[in-house]
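Pasting upload27.txt here (compact mmCIF, C-alpha atoms):
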# COMPACT_ATOMS: atom_id res chain seq x y z
CA MET N 1 22.26 -29.02 27.87
CA ALA N 2 22.20 -26.77 24.82
CA GLY N 3 18.96 -25.78 23.18
CA ARG N 4 18.13 -25.95 19.53
CA PRO N 5 20.36 -23.66 17.43
CA ARG N 6 18.72 -20.39 16.38
CA ASP N 7 17.75 -20.17 12.71
CA PRO N 8 18.90 -16.73 11.49
CA ASP N 9 16.80 -16.94 8.34
CA LEU N 10 13.58 -17.95 10.06
CA GLU N 11 12.03 -14.49 10.29
CA GLN N 12 12.64 -13.80 6.60
CA ARG N 13 11.28 -17.22 5.70
CA LEU N 14 8.14 -16.55 7.75
CA LEU N 15 7.66 -13.13 6.13
CA ALA N 16 8.18 -14.55 2.63
CA THR N 17 5.71 -17.34 3.33
CA ALA N 18 3.16 -14.89 4.70
CA TRP N 19 3.56 -12.69 1.59
CA SER N 20 3.05 -15.71 -0.65
CA LEU N 21 -0.06 -16.79 1.24
CA LEU N 22 -1.41 -13.23 1.39
CA THR N 23 -1.02 -12.70 -2.35
CA SER N 24 -2.46 -16.08 -3.27
CA ASN N 25 -5.27 -16.48 -0.71
CA GLY N 26 -5.93 -13.01 0.69
CA TYR N 27 -5.94 -11.58 4.20
CA ASP N 28 -9.10 -13.27 5.37
CA ALA N 29 -7.77 -16.77 4.65
CA LEU N 30 -4.33 -16.18 6.17
CA THR N 31 -3.61 -17.73 9.57
CA LEU N 32 -0.47 -17.69 11.69
CA THR N 33 -0.67 -21.48 11.98
CA GLN N 34 -0.75 -21.76 8.19
CA VAL N 35 2.28 -19.47 7.88
CA ALA N 36 4.23 -21.62 10.35
CA ALA N 37 3.31 -24.86 8.58
CA GLN N 38 4.15 -23.56 5.11
CA ALA N 39 7.47 -22.12 6.33
CA GLY N 40 8.47 -25.36 8.04
CA ALA N 41 8.42 -23.67 11.44
CA HIS N 42 6.57 -24.08 14.70
CA ARG N 43 3.53 -22.02 15.56
CA THR N 44 5.42 -20.61 18.53
CA ASP N 45 8.08 -19.30 16.12
CA VAL N 46 5.43 -17.11 14.54
CA TYR N 47 3.67 -16.07 17.75
CA ARG N 48 7.01 -15.18 19.37
CA ARG N 49 7.54 -12.57 16.63
CA TRP N 50 3.97 -11.45 15.89
CA SER N 51 1.21 -11.61 18.45
CA SER N 52 -1.51 -11.23 15.82
CA LYS N 53 -2.23 -11.65 12.15
CA VAL N 54 -2.57 -7.90 11.67
CA ARG N 55 0.94 -7.31 13.05
CA LEU N 56 2.40 -9.97 10.78
CA VAL N 57 0.63 -8.57 7.72
CA ALA N 58 1.67 -4.99 8.54
CA ASP N 59 5.30 -6.16 8.59
CA VAL N 60 4.79 -8.22 5.43
CA LEU N 61 3.33 -5.25 3.54
CA ASP N 62 6.09 -3.02 4.88
CA GLY N 63 8.74 -5.43 3.63
CA TYR N 64 7.24 -6.77 0.41
CA LEU N 65 5.13 -4.10 -1.27
CA PRO N 66 7.23 -2.81 -4.13
CA PRO N 67 8.19 0.87 -3.94
CA VAL N 68 6.14 3.39 -5.85
CA PRO N 69 8.20 4.74 -8.76
CA ASP N 70 8.88 8.47 -8.90
CA PRO N 71 8.98 9.42 -12.56
CA ASP N 72 9.56 13.07 -13.35
CA THR N 73 7.46 13.55 -16.47
CA GLY N 74 8.03 17.29 -16.59
CA THR N 75 4.42 18.21 -15.78
CA LEU N 76 2.17 18.01 -12.75
CA HIS N 77 -0.48 16.19 -14.75
CA GLY N 78 2.02 13.65 -16.06
CA ASP N 79 3.39 13.02 -12.58
CA LEU N 80 -0.13 12.67 -11.12
CA ARG N 81 -1.08 10.27 -13.91
CA ALA N 82 2.05 8.15 -13.38
CA PHE N 83 1.43 8.02 -9.62
CA ALA N 84 -2.24 7.14 -10.13
CA GLN N 85 -1.31 4.46 -12.69
CA ASP N 86 1.00 2.81 -10.17
CA LEU N 87 -1.69 2.96 -7.50
CA ALA N 88 -4.17 1.44 -9.94
CA GLY N 89 -1.78 -1.45 -10.57
CA ALA N 90 -1.42 -2.04 -6.85
CA TRP N 91 -5.19 -1.93 -6.29
CA ASP N 92 -5.68 -4.40 -9.12
CA GLU N 93 -3.89 -7.13 -7.16
CA PRO N 94 -6.35 -9.81 -5.96
CA TRP N 95 -5.04 -9.85 -2.40
CA ASN N 96 -6.53 -6.37 -1.90
CA ASP N 97 -9.97 -7.99 -1.69
CA GLY N 98 -9.25 -8.79 1.97
CA LEU N 99 -7.84 -5.37 2.77
CA VAL N 100 -11.09 -4.25 4.41
CA GLY N 101 -10.55 -6.92 7.07
CA PHE N 102 -6.94 -5.87 7.54
CA LEU N 103 -7.88 -2.20 7.91
CA ALA N 104 -10.60 -3.09 10.43
CA ASP N 105 -8.15 -5.20 12.47
CA LEU N 106 -5.53 -2.46 12.23
CA ARG N 107 -7.66 -0.04 14.24
CA GLY N 108 -7.23 -2.13 17.38
CA ASP N 109 -3.45 -2.52 17.23
CA ALA N 110 -1.30 0.59 17.75
CA GLU N 111 1.98 -1.14 16.79
CA ALA N 112 0.60 -2.53 13.53
CA GLU N 113 -1.03 0.82 12.78
CA ARG N 114 2.31 2.63 13.24
CA THR N 115 4.01 0.18 10.88
CA PHE N 116 1.28 0.63 8.29
CA ARG N 117 1.22 4.44 8.58
CA SER N 118 5.00 4.50 8.07
CA LEU N 119 4.52 2.40 4.93
CA VAL N 120 1.84 4.79 3.66
CA VAL N 121 4.11 7.80 4.21
CA ARG N 122 6.97 6.12 2.33
CA ARG N 123 4.72 5.07 -0.54
CA SER N 124 3.34 8.63 -0.76
CA GLN N 125 6.78 10.18 -1.19
CA PRO N 126 6.58 10.22 -5.02
CA LEU N 127 3.40 12.32 -4.76
CA VAL N 128 5.13 14.69 -2.33
CA ASP N 129 8.03 14.98 -4.76
CA ALA N 130 5.69 15.59 -7.73
CA ILE N 131 3.91 18.40 -5.87
CA ALA N 132 7.26 19.98 -4.90
CA ARG N 133 8.39 19.88 -8.55
CA ALA N 134 5.10 21.46 -9.65
CA VAL N 135 5.58 24.30 -7.15
CA ARG N 136 9.18 24.86 -8.38
CA ARG N 137 7.97 24.90 -12.02
CA GLY N 138 5.24 27.39 -11.13
CA GLU N 139 2.38 25.04 -12.06
CA ILE N 140 0.84 25.55 -8.63
CA ALA N 141 1.42 28.38 -6.19
CA GLU N 142 1.53 26.51 -2.91
CA VAL N 143 1.76 23.05 -1.48
CA PRO N 144 -1.74 21.71 -0.88
CA GLU N 145 -2.78 19.42 1.96
CA LEU N 146 -0.83 16.38 0.70
CA PRO N 147 -2.76 13.59 2.45
CA PHE N 148 -5.94 15.00 0.94
CA VAL N 149 -4.42 14.98 -2.57
CA GLY N 150 -3.39 11.36 -2.08
CA ASN N 151 -6.90 10.52 -0.89
CA LEU N 152 -8.39 12.21 -3.95
CA LEU N 153 -6.23 10.06 -6.23
CA GLU N 154 -6.47 6.78 -4.37
CA GLY N 155 -10.01 7.00 -2.99
CA PRO N 156 -11.77 6.18 -6.26
CA LEU N 157 -9.36 3.29 -6.89
CA MET N 158 -10.01 1.84 -3.45
CA HIS N 159 -13.75 2.28 -3.79
CA ARG N 160 -13.86 0.62 -7.19
CA ARG N 161 -11.81 -2.36 -6.01
CA MET N 162 -13.45 -2.84 -2.63
CA PHE N 163 -17.05 -2.23 -3.62
CA GLY N 164 -17.09 -2.79 -7.36
CA GLY N 165 -14.65 -5.68 -7.41
CA GLU N 166 -12.93 -4.47 -10.56
CA PRO N 167 -10.16 -2.09 -11.56
CA MET N 168 -10.63 1.34 -13.07
CA THR N 169 -10.41 1.65 -16.81
CA PRO N 170 -7.68 3.89 -18.25
CA GLU N 171 -10.37 6.39 -19.24
CA GLU N 172 -11.72 6.54 -15.68
CA LEU N 173 -8.19 6.92 -14.35
CA ASP N 174 -7.76 9.89 -16.70
CA VAL N 175 -10.93 11.49 -15.30
CA VAL N 176 -9.63 11.08 -11.74
CA THR N 177 -6.20 12.45 -12.65
CA TRP N 178 -7.57 15.45 -14.55
CA SER N 179 -10.00 16.19 -11.71
CA VAL N 180 -7.19 16.31 -9.13
CA HIS N 181 -5.03 18.35 -11.53
CA ARG N 182 -7.84 20.88 -12.00
CA LEU N 183 -8.35 21.15 -8.27
CA LEU N 184 -4.64 21.80 -7.67
CA THR N 185 -4.13 24.24 -10.52
CA GLY N 186 -7.50 25.97 -10.55
CA THR N 187 -7.97 25.24 -14.26
CA SER N 188 -11.42 24.44 -15.50
CA VAL N 189 -10.65 22.42 -18.62
CA LYS N 190 -8.04 19.98 -19.88
CA PRO N 191 -5.10 21.74 -21.57
For this file, write the structure as C-alpha cells.
Amino acid sequence: MAGRPRDPDLEQRLLATAWSLLTSNGYDALTLTQVAAQAGAHRTDVYRRWSSKVRLVADVLDGYLPPVPDPDTGTLHGDLRAFAQDLAGAWDEPWNDGLVGFLADLRGDAEAERTFRSLVVRRSQPLVDAIARAVRRGEIAEVPELPFVGNLLEGPLMHRRMFGGEPMTPEELDVVTWSVHRLLTGTSVKP
C-alpha cells in the first residue's frame, strides 16, 4: 500500500505562507497551525519541518528578507548613509513590532539562533564592504570593530521602532550617520 505522494513544493509554500502571515499580522499572532491551514497543509507537515515558531520564523527571515544593497557612493559617509537608509526602511515595516518576542524566543533555541546570526552576518556584508573601501581610500586608518559599528547605526533605529513605535525622520537618520562617521574618522564636524 503506497502512501500519499510527497509534495515537493510544500516547504516553499509553507515558508511563503509564513512570510505573508508574519508581514501582515506580526510575530506574536503567527501560529504554526495557522500557517498549515493557510497553506492548505496539515499541522504535522509544519511540525515535521519546524519544531517551533521561532525556528520557522528564522528560516522565513533567512529566505524572504530582501538583501541589503551595497552602493558604492565614493565616500564613507555616503556608504554609511545608504546602509542606514536601507536599515531604516527595514525597521519601518510593521511586522517588526513583534520582533521583541522573536528575539526573546530565539535565545532558547540554538538552531534558530544560528540561522538568524548567519542572516545578520550576510545582511551586514555591505557595511563590511563600505568600511573596506574607506580604508583603501584612506578615509580611515584601520578597520574598526565591525559589529559595534553596525550596532551604532542600527541601535537607534531599533530603539525608535520598538519603544517609540515610529520610524526615524531623515534628519535624525543624518544625525546618526554623521555621528558614526565622526567616530570612525575622528573628525569633529560635518565636512
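Residue neighbourhood of segment 161-163 of chain N, excluding near-sequence residues (fewer than 4 positions): Trp91, Asp92, Asn96, Asp97, Gly98, Leu99, Val100, Pro156, Leu157, Pro167 and Met168 of chain N, at 9 Å, using only C-alpha atoms.
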Edge lengths and centre in Å, axis-aligned, segment 103-116 of chain N plus 5 Å each side, as JSON:
{"center_x": -3.3, "center_y": -1.3, "center_z": 12.8, "size_x": 24.6, "size_y": 17.8, "size_z": 19.8}
_N:Asn151, N:Gln125, N:Gln34, N:Gln85 ranked by distance to Asp174 of chain N, top pick (using all atoms listed in the file)_ = N:Gln85
*State, in Å with one decimal place, the distance from atom CA of His159 of chain N to atom CA of Glu113 of chain N.*
20.9 Å
*asked:* List as a PyMOL selection string the residues having at least one atom at most 12 Å from position (-1.5, -12.4, 19.3) as given in the file, counting all atoms listed in the file.
replied: chain N and resi 31-33+43-44+46-56+105+108-109+112
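The closest residue to Glu145 of chain N, picked from N:Ala29, N:Leu184, N:Gly40, N:Glu172 and counting only C-alpha atoms, is N:Leu184.
Between Leu119 of chain N and the residues N:Ser24, N:His42, N:Leu65, N:Pro8, the shortest atom-to-atom distance, using only C-alpha atoms, involves N:Leu65.
Note that the spacing between atom CA of Gly165 of chain N and atom CA of Arg182 of chain N amounts to 27.8 Å.
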*Spatial neighbours of Arg137 of chain N, max dist 9 Å, only C-alpha atoms, sep filter under 4 positions, as a ChimeraX atom specification*: /N:74-75,132-133
*Would you mind telling me which residue in N:Asp7, N:Glu139, N:Asp45, N:Asp70 lies nearest to Thr187 of chain N when using only C-alpha atoms?*
N:Glu139
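Residue nearest Thr23 of chain N within the list N:Gly101, N:Pro170, N:Val60, N:Glu142: N:Val60 [criterion: smallest interatomic distance, all atoms listed in the file].
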Which residues are close to Ile140 of chain N, i.e. within 8 Å by only C-alpha atoms, leaving aside same-chain residues fewer than 4 positions away? Reply as a compact mmCIF listing (two decimals) with C-alpha atoms, in the frame of the given file.
# COMPACT_ATOMS: atom_id res chain seq x y z
CA ALA N 134 5.10 21.46 -9.65
CA VAL N 135 5.58 24.30 -7.15
CA LEU N 184 -4.64 21.80 -7.67
CA THR N 185 -4.13 24.24 -10.52
